[in-house]
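Source file model.cif; content: mmCIF, N, CA and C atoms.
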```cif
data_entry
loop_
_atom_site.label_atom_id
_atom_site.label_comp_id
_atom_site.auth_asym_id
_atom_site.auth_seq_id
_atom_site.Cartn_x
_atom_site.Cartn_y
_atom_site.Cartn_z
N MET K 1 -36.79 12.93 -58.61
CA MET K 1 -37.47 12.13 -57.60
C MET K 1 -36.97 12.47 -56.20
N LEU K 2 -35.63 12.56 -56.01
CA LEU K 2 -35.08 12.91 -54.69
C LEU K 2 -35.13 14.43 -54.52
N THR K 3 -35.66 14.87 -53.40
CA THR K 3 -35.83 16.31 -53.19
C THR K 3 -34.73 16.94 -52.34
N ARG K 4 -34.07 16.13 -51.53
CA ARG K 4 -33.03 16.67 -50.64
C ARG K 4 -32.38 15.51 -49.89
N ILE K 5 -31.28 15.78 -49.24
CA ILE K 5 -30.76 14.83 -48.26
C ILE K 5 -31.54 15.13 -46.99
N ASP K 6 -32.40 14.20 -46.61
CA ASP K 6 -33.23 14.39 -45.42
C ASP K 6 -32.38 14.26 -44.16
N HIS K 7 -31.56 13.20 -44.10
CA HIS K 7 -30.73 12.99 -42.92
C HIS K 7 -29.60 12.02 -43.21
N VAL K 8 -28.63 12.07 -42.35
CA VAL K 8 -27.56 11.07 -42.31
C VAL K 8 -27.73 10.34 -40.99
N GLY K 9 -27.86 9.02 -41.05
CA GLY K 9 -28.03 8.20 -39.85
C GLY K 9 -26.68 7.73 -39.34
N ILE K 10 -26.41 7.97 -38.07
CA ILE K 10 -25.14 7.59 -37.46
C ILE K 10 -25.40 6.63 -36.31
N ALA K 11 -24.79 5.46 -36.39
CA ALA K 11 -24.91 4.46 -35.33
C ALA K 11 -23.96 4.84 -34.20
N CYS K 12 -24.45 4.73 -32.96
CA CYS K 12 -23.62 5.08 -31.81
C CYS K 12 -23.94 4.15 -30.64
N ARG K 13 -23.00 4.04 -29.73
CA ARG K 13 -23.19 3.19 -28.56
C ARG K 13 -23.95 3.91 -27.45
N SER K 14 -23.79 5.25 -27.36
CA SER K 14 -24.47 6.03 -26.33
C SER K 14 -25.13 7.25 -26.97
N LEU K 15 -26.44 7.21 -27.04
CA LEU K 15 -27.20 8.31 -27.63
C LEU K 15 -26.92 9.61 -26.88
N GLN K 16 -26.96 9.57 -25.57
CA GLN K 16 -26.76 10.80 -24.79
C GLN K 16 -25.37 11.38 -24.99
N ASP K 17 -24.34 10.53 -25.05
CA ASP K 17 -22.97 11.03 -25.29
C ASP K 17 -22.86 11.71 -26.65
N LYS K 18 -23.47 11.10 -27.68
CA LYS K 18 -23.38 11.67 -29.03
C LYS K 18 -24.23 12.93 -29.16
N ILE K 19 -25.38 12.97 -28.50
CA ILE K 19 -26.16 14.22 -28.49
C ILE K 19 -25.32 15.33 -27.90
N ALA K 20 -24.69 15.07 -26.76
CA ALA K 20 -23.85 16.09 -26.11
C ALA K 20 -22.73 16.53 -27.05
N PHE K 21 -22.10 15.58 -27.75
CA PHE K 21 -21.01 15.92 -28.66
C PHE K 21 -21.49 16.81 -29.80
N TYR K 22 -22.55 16.42 -30.51
CA TYR K 22 -23.01 17.17 -31.67
C TYR K 22 -23.62 18.52 -31.31
N THR K 23 -24.26 18.61 -30.16
CA THR K 23 -24.80 19.92 -29.77
C THR K 23 -23.67 20.86 -29.35
N ALA K 24 -22.67 20.34 -28.64
CA ALA K 24 -21.55 21.18 -28.19
C ALA K 24 -20.61 21.54 -29.35
N THR K 25 -20.34 20.59 -30.22
CA THR K 25 -19.37 20.81 -31.29
C THR K 25 -19.93 21.64 -32.44
N PHE K 26 -21.15 21.36 -32.86
CA PHE K 26 -21.72 22.01 -34.04
C PHE K 26 -22.90 22.91 -33.74
N GLY K 27 -23.33 22.96 -32.49
CA GLY K 27 -24.47 23.80 -32.14
C GLY K 27 -25.80 23.30 -32.67
N LEU K 28 -25.89 21.98 -32.95
CA LEU K 28 -27.14 21.42 -33.46
C LEU K 28 -28.17 21.36 -32.34
N THR K 29 -29.42 21.37 -32.72
CA THR K 29 -30.53 21.35 -31.77
C THR K 29 -31.30 20.04 -31.91
N VAL K 30 -31.57 19.39 -30.79
CA VAL K 30 -32.38 18.17 -30.81
C VAL K 30 -33.84 18.57 -31.03
N VAL K 31 -34.45 18.00 -32.07
CA VAL K 31 -35.85 18.31 -32.36
C VAL K 31 -36.77 17.13 -32.05
N SER K 32 -36.19 15.95 -31.86
CA SER K 32 -37.02 14.78 -31.59
C SER K 32 -36.17 13.68 -30.97
N GLN K 33 -36.74 12.98 -30.00
CA GLN K 33 -36.15 11.76 -29.46
C GLN K 33 -37.28 10.76 -29.32
N GLU K 34 -37.02 9.53 -29.75
CA GLU K 34 -38.04 8.51 -29.62
C GLU K 34 -37.41 7.12 -29.62
N VAL K 35 -38.19 6.16 -29.20
CA VAL K 35 -37.80 4.76 -29.27
C VAL K 35 -38.64 4.13 -30.36
N ASN K 36 -37.97 3.46 -31.30
CA ASN K 36 -38.67 2.76 -32.36
C ASN K 36 -38.43 1.26 -32.14
N GLU K 37 -39.39 0.63 -31.47
CA GLU K 37 -39.28 -0.79 -31.13
C GLU K 37 -39.16 -1.65 -32.39
N ASP K 38 -39.92 -1.30 -33.44
CA ASP K 38 -39.89 -2.09 -34.67
C ASP K 38 -38.50 -2.14 -35.29
N GLN K 39 -37.76 -1.04 -35.19
CA GLN K 39 -36.42 -0.99 -35.77
C GLN K 39 -35.33 -1.28 -34.72
N GLY K 40 -35.73 -1.41 -33.46
CA GLY K 40 -34.79 -1.76 -32.41
C GLY K 40 -33.82 -0.66 -32.05
N VAL K 41 -34.29 0.60 -32.10
CA VAL K 41 -33.39 1.72 -31.81
C VAL K 41 -34.02 2.75 -30.90
N ARG K 42 -33.14 3.43 -30.20
CA ARG K 42 -33.42 4.68 -29.51
C ARG K 42 -32.79 5.72 -30.42
N GLU K 43 -33.50 6.78 -30.77
CA GLU K 43 -32.97 7.71 -31.76
C GLU K 43 -33.23 9.16 -31.38
N ALA K 44 -32.40 10.01 -31.96
CA ALA K 44 -32.56 11.45 -31.82
C ALA K 44 -32.35 12.09 -33.18
N MET K 45 -33.18 13.06 -33.50
CA MET K 45 -33.02 13.85 -34.72
C MET K 45 -32.52 15.22 -34.31
N LEU K 46 -31.40 15.63 -34.91
CA LEU K 46 -30.79 16.92 -34.63
C LEU K 46 -30.91 17.77 -35.90
N HIS K 47 -31.44 18.97 -35.76
CA HIS K 47 -31.66 19.85 -36.91
C HIS K 47 -30.33 20.42 -37.38
N VAL K 48 -30.08 20.30 -38.70
CA VAL K 48 -28.86 20.83 -39.30
C VAL K 48 -29.16 22.15 -40.01
N SER K 49 -30.13 22.13 -40.94
CA SER K 49 -30.44 23.35 -41.70
C SER K 49 -31.80 23.23 -42.36
N ASP K 50 -32.27 24.36 -42.88
CA ASP K 50 -33.50 24.41 -43.66
C ASP K 50 -33.16 24.85 -45.07
N GLY K 51 -33.82 24.24 -46.02
CA GLY K 51 -33.63 24.62 -47.42
C GLY K 51 -34.98 24.73 -48.09
N PRO K 52 -34.99 25.10 -49.36
CA PRO K 52 -36.28 25.26 -50.06
C PRO K 52 -37.10 23.98 -50.13
N ALA K 53 -36.44 22.80 -50.09
CA ALA K 53 -37.16 21.53 -50.17
C ALA K 53 -37.45 20.95 -48.80
N GLY K 54 -37.03 21.62 -47.72
CA GLY K 54 -37.29 21.13 -46.37
C GLY K 54 -36.03 21.07 -45.53
N ALA K 55 -36.19 20.59 -44.33
CA ALA K 55 -35.10 20.56 -43.36
C ALA K 55 -34.19 19.35 -43.58
N SER K 56 -32.96 19.49 -43.09
CA SER K 56 -32.00 18.39 -43.08
C SER K 56 -31.62 18.10 -41.63
N TYR K 57 -31.36 16.82 -41.34
CA TYR K 57 -31.11 16.39 -39.98
C TYR K 57 -29.92 15.45 -39.90
N LEU K 58 -29.43 15.30 -38.70
CA LEU K 58 -28.50 14.24 -38.33
C LEU K 58 -29.31 13.32 -37.43
N GLN K 59 -29.34 12.03 -37.74
CA GLN K 59 -30.10 11.07 -36.94
C GLN K 59 -29.10 10.18 -36.20
N LEU K 60 -29.19 10.20 -34.88
CA LEU K 60 -28.33 9.36 -34.05
C LEU K 60 -29.11 8.13 -33.64
N LEU K 61 -28.49 6.95 -33.79
CA LEU K 61 -29.17 5.68 -33.55
C LEU K 61 -28.40 4.85 -32.54
N GLU K 62 -29.04 4.55 -31.43
CA GLU K 62 -28.48 3.66 -30.42
C GLU K 62 -29.31 2.39 -30.40
N PRO K 63 -28.70 1.21 -30.53
CA PRO K 63 -29.49 -0.03 -30.57
C PRO K 63 -30.13 -0.33 -29.21
N LEU K 64 -31.29 -0.95 -29.26
CA LEU K 64 -31.95 -1.41 -28.04
C LEU K 64 -31.32 -2.69 -27.53
N GLY K 65 -30.55 -3.36 -28.38
CA GLY K 65 -29.88 -4.59 -27.98
C GLY K 65 -28.88 -5.00 -29.06
N PRO K 66 -28.05 -5.97 -28.75
CA PRO K 66 -27.02 -6.39 -29.71
C PRO K 66 -27.58 -7.13 -30.92
N ASP K 67 -28.76 -7.74 -30.79
CA ASP K 67 -29.34 -8.51 -31.89
C ASP K 67 -30.39 -7.70 -32.64
N THR K 68 -30.05 -6.46 -32.94
CA THR K 68 -30.88 -5.57 -33.74
C THR K 68 -30.04 -5.15 -34.94
N PRO K 69 -30.64 -4.61 -36.00
CA PRO K 69 -29.83 -4.19 -37.14
C PRO K 69 -28.70 -3.22 -36.76
N VAL K 70 -28.98 -2.22 -35.95
CA VAL K 70 -27.94 -1.27 -35.56
C VAL K 70 -26.96 -1.91 -34.58
N GLY K 71 -27.44 -2.79 -33.73
CA GLY K 71 -26.55 -3.51 -32.82
C GLY K 71 -25.54 -4.36 -33.58
N ARG K 72 -26.03 -5.07 -34.60
CA ARG K 72 -25.13 -5.88 -35.43
C ARG K 72 -24.17 -5.00 -36.23
N PHE K 73 -24.66 -3.87 -36.71
CA PHE K 73 -23.80 -2.93 -37.43
C PHE K 73 -22.65 -2.47 -36.54
N LEU K 74 -22.97 -2.07 -35.31
CA LEU K 74 -21.93 -1.61 -34.38
C LEU K 74 -20.91 -2.72 -34.09
N ASP K 75 -21.39 -3.94 -33.97
CA ASP K 75 -20.49 -5.07 -33.70
C ASP K 75 -19.52 -5.30 -34.85
N ARG K 76 -20.03 -5.18 -36.08
CA ARG K 76 -19.21 -5.42 -37.27
C ARG K 76 -18.32 -4.23 -37.64
N ARG K 77 -18.87 -3.02 -37.54
CA ARG K 77 -18.18 -1.85 -38.10
C ARG K 77 -17.83 -0.77 -37.09
N GLY K 78 -18.43 -0.81 -35.92
CA GLY K 78 -18.20 0.25 -34.95
C GLY K 78 -19.07 1.46 -35.25
N GLU K 79 -18.90 2.50 -34.48
CA GLU K 79 -19.71 3.71 -34.65
C GLU K 79 -19.39 4.37 -35.99
N GLY K 80 -20.41 4.99 -36.56
CA GLY K 80 -20.20 5.71 -37.81
C GLY K 80 -21.45 5.79 -38.64
N VAL K 81 -21.28 6.23 -39.89
CA VAL K 81 -22.41 6.42 -40.79
C VAL K 81 -23.08 5.06 -41.04
N HIS K 82 -24.37 5.02 -40.78
CA HIS K 82 -25.16 3.81 -40.96
C HIS K 82 -25.96 3.85 -42.25
N HIS K 83 -26.56 5.01 -42.57
CA HIS K 83 -27.36 5.13 -43.79
C HIS K 83 -27.54 6.60 -44.18
N ILE K 84 -28.01 6.80 -45.41
CA ILE K 84 -28.36 8.13 -45.91
C ILE K 84 -29.85 8.11 -46.20
N GLY K 85 -30.56 9.14 -45.74
CA GLY K 85 -31.98 9.28 -46.01
C GLY K 85 -32.24 10.41 -46.98
N TYR K 86 -32.96 10.12 -48.05
CA TYR K 86 -33.30 11.13 -49.06
C TYR K 86 -34.79 11.45 -48.99
N GLY K 87 -35.12 12.71 -49.08
CA GLY K 87 -36.51 13.13 -49.12
C GLY K 87 -37.12 12.84 -50.48
N VAL K 88 -38.37 12.42 -50.47
CA VAL K 88 -39.15 12.23 -51.69
C VAL K 88 -40.53 12.83 -51.46
N ALA K 89 -41.16 13.28 -52.54
CA ALA K 89 -42.50 13.86 -52.43
C ALA K 89 -43.56 12.78 -52.26
N ASN K 90 -43.37 11.63 -52.93
CA ASN K 90 -44.36 10.55 -52.89
C ASN K 90 -43.60 9.24 -52.77
N ILE K 91 -43.57 8.67 -51.59
CA ILE K 91 -42.75 7.48 -51.35
C ILE K 91 -43.26 6.26 -52.11
N THR K 92 -44.57 6.12 -52.27
CA THR K 92 -45.11 4.97 -52.99
C THR K 92 -44.69 5.02 -54.45
N ALA K 93 -44.78 6.19 -55.07
CA ALA K 93 -44.35 6.35 -56.46
C ALA K 93 -42.85 6.15 -56.59
N ALA K 94 -42.08 6.66 -55.64
CA ALA K 94 -40.62 6.51 -55.68
C ALA K 94 -40.24 5.03 -55.58
N LEU K 95 -40.88 4.28 -54.70
CA LEU K 95 -40.59 2.84 -54.58
C LEU K 95 -40.90 2.11 -55.88
N ALA K 96 -42.02 2.44 -56.51
CA ALA K 96 -42.37 1.79 -57.77
C ALA K 96 -41.35 2.11 -58.85
N GLU K 97 -40.95 3.36 -58.94
CA GLU K 97 -39.99 3.79 -59.96
C GLU K 97 -38.62 3.16 -59.73
N ILE K 98 -38.15 3.17 -58.50
CA ILE K 98 -36.85 2.60 -58.18
C ILE K 98 -36.87 1.08 -58.34
N GLY K 99 -37.93 0.45 -57.87
CA GLY K 99 -38.05 -1.01 -58.01
C GLY K 99 -38.04 -1.44 -59.47
N ALA K 100 -38.62 -0.63 -60.34
CA ALA K 100 -38.66 -0.95 -61.77
C ALA K 100 -37.27 -0.94 -62.40
N THR K 101 -36.30 -0.28 -61.75
CA THR K 101 -34.93 -0.25 -62.29
C THR K 101 -34.15 -1.51 -61.91
N GLY K 102 -34.71 -2.33 -61.01
CA GLY K 102 -34.03 -3.53 -60.58
C GLY K 102 -33.38 -3.42 -59.21
N VAL K 103 -33.38 -2.23 -58.62
CA VAL K 103 -32.85 -2.07 -57.27
C VAL K 103 -33.79 -2.80 -56.31
N ARG K 104 -33.21 -3.64 -55.45
CA ARG K 104 -34.03 -4.39 -54.49
C ARG K 104 -34.54 -3.47 -53.39
N LEU K 105 -35.80 -3.66 -53.05
CA LEU K 105 -36.45 -2.90 -52.00
C LEU K 105 -36.44 -3.73 -50.73
N ILE K 106 -35.88 -3.20 -49.67
CA ILE K 106 -36.00 -3.87 -48.37
C ILE K 106 -37.44 -3.75 -47.91
N ASP K 107 -38.01 -2.59 -48.13
CA ASP K 107 -39.42 -2.34 -47.80
C ASP K 107 -40.20 -2.11 -49.09
N ALA K 108 -41.09 -3.02 -49.44
CA ALA K 108 -41.92 -2.85 -50.63
C ALA K 108 -43.02 -1.82 -50.39
N ARG K 109 -43.35 -1.63 -49.12
CA ARG K 109 -44.36 -0.63 -48.73
C ARG K 109 -43.78 0.25 -47.64
N PRO K 110 -44.21 1.50 -47.59
CA PRO K 110 -43.70 2.41 -46.56
C PRO K 110 -44.08 1.95 -45.16
N ARG K 111 -43.25 2.35 -44.19
CA ARG K 111 -43.55 2.09 -42.78
C ARG K 111 -43.33 3.37 -42.00
N HIS K 112 -43.69 3.34 -40.72
CA HIS K 112 -43.57 4.51 -39.84
C HIS K 112 -42.10 4.81 -39.55
N GLY K 113 -41.73 6.08 -39.68
CA GLY K 113 -40.38 6.52 -39.37
C GLY K 113 -40.37 7.65 -38.36
N SER K 114 -39.22 8.25 -38.19
CA SER K 114 -39.03 9.35 -37.23
C SER K 114 -39.95 10.52 -37.53
N MET K 115 -40.42 11.14 -36.49
CA MET K 115 -41.22 12.36 -36.54
C MET K 115 -42.44 12.22 -37.45
N GLY K 116 -43.00 11.00 -37.53
CA GLY K 116 -44.23 10.77 -38.29
C GLY K 116 -44.04 10.61 -39.78
N ALA K 117 -42.81 10.51 -40.25
CA ALA K 117 -42.55 10.35 -41.69
C ALA K 117 -42.88 8.93 -42.14
N ALA K 118 -43.13 8.78 -43.43
CA ALA K 118 -43.24 7.46 -44.06
C ALA K 118 -41.86 7.16 -44.63
N ILE K 119 -41.34 5.95 -44.35
CA ILE K 119 -39.98 5.60 -44.78
C ILE K 119 -39.96 4.24 -45.46
N ALA K 120 -38.90 4.00 -46.23
CA ALA K 120 -38.65 2.70 -46.83
C ALA K 120 -37.16 2.62 -47.14
N PHE K 121 -36.59 1.42 -46.97
CA PHE K 121 -35.17 1.22 -47.20
C PHE K 121 -34.93 0.47 -48.51
N LEU K 122 -33.80 0.80 -49.14
CA LEU K 122 -33.36 0.14 -50.37
C LEU K 122 -32.11 -0.68 -50.05
N HIS K 123 -31.92 -1.78 -50.75
CA HIS K 123 -30.84 -2.71 -50.43
C HIS K 123 -29.47 -2.12 -50.74
N PRO K 124 -28.56 -2.13 -49.76
CA PRO K 124 -27.24 -1.53 -49.97
C PRO K 124 -26.40 -2.25 -51.03
N ALA K 125 -26.63 -3.55 -51.24
CA ALA K 125 -25.84 -4.28 -52.23
C ALA K 125 -26.07 -3.75 -53.65
N ASP K 126 -27.21 -3.13 -53.88
CA ASP K 126 -27.54 -2.58 -55.19
C ASP K 126 -27.18 -1.10 -55.30
N LEU K 127 -26.67 -0.52 -54.21
CA LEU K 127 -26.39 0.92 -54.18
C LEU K 127 -24.98 1.20 -53.68
N GLY K 128 -24.03 0.43 -54.16
CA GLY K 128 -22.64 0.67 -53.82
C GLY K 128 -22.31 0.48 -52.37
N GLY K 129 -23.08 -0.37 -51.67
CA GLY K 129 -22.82 -0.63 -50.26
C GLY K 129 -23.44 0.37 -49.31
N VAL K 130 -24.24 1.30 -49.84
CA VAL K 130 -24.85 2.33 -49.00
C VAL K 130 -26.30 1.99 -48.70
N LEU K 131 -26.62 1.76 -47.42
CA LEU K 131 -28.01 1.58 -47.02
C LEU K 131 -28.71 2.91 -47.26
N THR K 132 -29.77 2.88 -48.05
CA THR K 132 -30.45 4.09 -48.47
C THR K 132 -31.89 4.06 -48.00
N GLU K 133 -32.32 5.18 -47.44
CA GLU K 133 -33.67 5.31 -46.92
C GLU K 133 -34.39 6.40 -47.70
N LEU K 134 -35.63 6.14 -48.07
CA LEU K 134 -36.49 7.16 -48.66
C LEU K 134 -37.39 7.68 -47.56
N VAL K 135 -37.61 9.01 -47.55
CA VAL K 135 -38.38 9.64 -46.49
C VAL K 135 -39.41 10.58 -47.09
N GLU K 136 -40.67 10.32 -46.81
CA GLU K 136 -41.74 11.25 -47.17
C GLU K 136 -42.19 11.92 -45.88
N ALA K 137 -41.94 13.23 -45.79
CA ALA K 137 -42.31 13.98 -44.59
C ALA K 137 -43.82 13.90 -44.39
N PRO K 138 -44.26 13.96 -43.13
CA PRO K 138 -45.71 13.93 -42.88
C PRO K 138 -46.37 15.16 -43.48
N ARG K 139 -47.56 14.98 -43.93
CA ARG K 139 -48.34 16.10 -44.49
C ARG K 139 -48.70 17.04 -43.36
N ARG K 140 -48.48 18.30 -43.58
CA ARG K 140 -48.86 19.32 -42.61
C ARG K 140 -50.15 19.96 -43.08
N PRO K 141 -51.09 20.23 -42.16
CA PRO K 141 -52.33 20.86 -42.57
C PRO K 141 -52.06 22.25 -43.15
N GLY K 142 -52.76 22.58 -44.21
CA GLY K 142 -52.62 23.91 -44.82
C GLY K 142 -53.40 24.95 -44.04
N PRO K 143 -53.32 26.20 -44.49
CA PRO K 143 -54.08 27.25 -43.81
C PRO K 143 -55.58 27.02 -43.94
N ALA K 144 -56.32 27.55 -43.01
CA ALA K 144 -57.78 27.40 -43.03
C ALA K 144 -58.33 27.87 -44.35
N GLY K 145 -59.25 27.08 -44.90
CA GLY K 145 -59.86 27.45 -46.17
C GLY K 145 -59.07 27.01 -47.38
N ALA K 146 -57.91 26.39 -47.16
CA ALA K 146 -57.08 26.00 -48.31
C ALA K 146 -57.53 24.67 -48.87
#
```

Now, as a test, write the supplied structure out as structure tokens.
Amino acid sequence: MLTRIDHVGIACRSLQDKIAFYTATFGLTVVSQEVNEDQGVREAMLHVSDGPAGASYLQLLEPLGPDTPVGRFLDRRGEGVHHIGYGVANITAALAEIGATGVRLIDARPRHGSMGAAIAFLHPADLGGVLTELVEAPRRPGPAGA
């Protein structure tokens, strides 16, 4: 069901400072920056590598305010790993299959995520304390005539 590690989400206090750090230290390239009002974050996706199942990224998350999920995370735990995102081919099927095992779904239905992906979160209490995100990459148009 899981096709790859899509991204590792890192909570930070200053998006620009962390972008500068990761690009200078590891030579990563920023491929996307956006504000997601629904999730209360300013975010950047930095490309790590490409594999047969797709690309992997580092996602930097700066809260839009202290009373947001990432803002509360920073207050409790400080900067660091916030969640792991796994790629899936079909997010609706993955949610049904995972939900059937008894793992609680934070999102019963997919919602809009970074770079046009469909995403859904699974409850960390059922996954060893790890907030887990499922990511279905946006469909790309095939070649003409396909």

Original post:
Please, which residues of chain K, numbered as in this document, come out strand (DSSP E or B) from DSSP, as a VMD selection string?
Top reply: chain K and resid 2 to 11 29 to 36 41 to 51 54 to 63 80 to 88 105 111 to 112 118 to 122 132 to 136

**OP:** Taking the file as shown, find all residues satisfying the PyMOL selection byres (((chain K and resi 64 and name CA) around 10) and name CA) and write them as a PyMOL selection string.
**Re:** chain K and resi 13+35-37+39-43+61-63+65-71

Subject >> Matched chain/residue IDs from the PyMOL selection byres ((chain K and resi 88) around 7), as a PyMOL selection string >> reply: chain K and resi 1-4+86-87+89-91+134-137

Subject >> All helix (DSSP H, G or I) positions in region 16-57 of chain K, as a ChimeraX atom specification >> reply: /K:16-26

Residues of region 41-133 of chain K at most 8 Å from region 16-31 of chain K: nearest atom pair and distance in Å, only C-alpha atoms, as a tab-separated table:
```
residue	atom	partner	partner_atom	distance
K:Ala44	CA	K:Val30	CA	6.8
K:Met45	CA	K:Val31	CA	5.8
K:Leu46	CA	K:Val30	CA	4.3
K:His47	CA	K:Thr29	CA	5.5
K:Val48	CA	K:Leu28	CA	6.1
K:Leu60	CA	K:Lys18	CA	7.4
```

Closest pair table for region 52-96 of chain K residues within 9 Å of region 104-127 of chain K, only C-alpha atoms, as a Markdown table:
```
| residue | atom | partner | partner_atom | distance |
| --- | --- | --- | --- | --- |
| K:Gly85 | CA | K:Phe121 | CA | 8.7 |
| K:Ile91 | CA | K:Pro110 | CA | 7.0 |
| K:Thr92 | CA | K:Pro110 | CA | 7.1 |
| K:Leu95 | CA | K:Ala108 | CA | 7.1 |
| K:Ala96 | CA | K:Ala108 | CA | 8.5 |
```

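Across the structure, CA of Ser56 (chain K) and CA of Asp6 (chain K) are spaced 4.8 Å apart.
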
In file coordinates, which residues lie within 7 Å of (-33.0, 20.8, -49.8) using only C-alpha atoms, given as a PDB file with N, CA and C atoms, keeping the file's coordinate frame?
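The resulting file, selection-v6.pdb, is shown below:
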```pdb
ATOM      1  N   THR K   3     -35.660  14.870 -53.400  1.00  0.00           N
ATOM      2  CA  THR K   3     -35.830  16.310 -53.190  1.00  0.00           C
ATOM      3  C   THR K   3     -34.730  16.940 -52.340  1.00  0.00           C
ATOM      4  N   ARG K   4     -34.070  16.130 -51.530  1.00  0.00           N
ATOM      5  CA  ARG K   4     -33.030  16.670 -50.640  1.00  0.00           C
ATOM      6  C   ARG K   4     -32.380  15.510 -49.890  1.00  0.00           C
ATOM      7  N   ILE K   5     -31.280  15.780 -49.240  1.00  0.00           N
ATOM      8  CA  ILE K   5     -30.760  14.830 -48.260  1.00  0.00           C
ATOM      9  C   ILE K   5     -31.540  15.130 -46.990  1.00  0.00           C
ATOM     10  N   GLY K  51     -33.820  24.240 -46.020  1.00  0.00           N
ATOM     11  CA  GLY K  51     -33.630  24.620 -47.420  1.00  0.00           C
ATOM     12  C   GLY K  51     -34.980  24.730 -48.090  1.00  0.00           C
ATOM     13  N   PRO K  52     -34.990  25.100 -49.360  1.00  0.00           N
ATOM     14  CA  PRO K  52     -36.280  25.260 -50.060  1.00  0.00           C
ATOM     15  C   PRO K  52     -37.100  23.980 -50.130  1.00  0.00           C
ATOM     16  N   ALA K  53     -36.440  22.800 -50.090  1.00  0.00           N
ATOM     17  CA  ALA K  53     -37.160  21.530 -50.170  1.00  0.00           C
ATOM     18  C   ALA K  53     -37.450  20.950 -48.800  1.00  0.00           C
ATOM     19  N   GLY K  54     -37.030  21.620 -47.720  1.00  0.00           N
ATOM     20  CA  GLY K  54     -37.290  21.130 -46.370  1.00  0.00           C
ATOM     21  C   GLY K  54     -36.030  21.070 -45.530  1.00  0.00           C
ATOM     22  N   ALA K  55     -36.190  20.590 -44.330  1.00  0.00           N
ATOM     23  CA  ALA K  55     -35.100  20.560 -43.360  1.00  0.00           C
ATOM     24  C   ALA K  55     -34.190  19.350 -43.580  1.00  0.00           C
TER      25      ALA K  55
END
```

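Distance-wise, atom C of His83 (chain K) and CA of Glu34 (chain K) end up 18.1 Å apart.
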
Subject >> Point-to-point distance in Å for atom N of Ile10 (chain K) and CA of Thr101 (chain K) >> reply: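 Going from CA of Thr101 (chain K) over to atom N of Ile10 (chain K), I get 27.0 Å.
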
How big is the axis-aligned box, and where does its centre sit, when it encloses all atoms of region 28-33 of chain K listed in the file and has 4 Å added on every side, reported in Å to one decimal as JSON?
```
{"center_x": -31.6, "center_y": 16.4, "center_z": -31.4, "size_x": 19.4, "size_y": 19.2, "size_z": 12.1}
```

Original post:
Using all atoms listed in the file, which of the listed residues (K:Gln59, K:Ile98, K:Ala93, K:Ala11) sits closest to Gly78 (chain K)?
Top reply: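 Counting all atoms listed in the file, the residue closest to Gly78 (chain K) is K:Ala11.
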
Would you save region 86-98 of chain K to a file, keeping C-alpha atoms, as a PDB file, in the first residue's frame?
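Written output follows (decode_1.pdb):
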```pdb
ATOM      1  CA  TYR K  86       3.985   8.184   2.925  1.00  0.00           C
ATOM      2  CA  GLY K  87       3.049   8.000  -0.733  1.00  0.00           C
ATOM      3  CA  VAL K  88       0.057   5.896  -1.735  1.00  0.00           C
ATOM      4  CA  ALA K  89      -1.360   5.140  -5.169  1.00  0.00           C
ATOM      5  CA  ASN K  90      -5.008   5.508  -4.088  1.00  0.00           C
ATOM      6  CA  ILE K  91      -5.639   7.483  -0.911  1.00  0.00           C
ATOM      7  CA  THR K  92      -9.335   6.579  -0.647  1.00  0.00           C
ATOM      8  CA  ALA K  93      -8.560   2.854  -0.809  1.00  0.00           C
ATOM      9  CA  ALA K  94      -5.651   3.265   1.632  1.00  0.00           C
ATOM     10  CA  LEU K  95      -7.889   5.065   4.161  1.00  0.00           C
ATOM     11  CA  ALA K  96     -10.504   2.311   3.926  1.00  0.00           C
ATOM     12  CA  GLU K  97      -7.903  -0.428   4.355  1.00  0.00           C
ATOM     13  CA  ILE K  98      -6.117   1.275   7.252  1.00  0.00           C
TER      14      ILE K  98
END
```
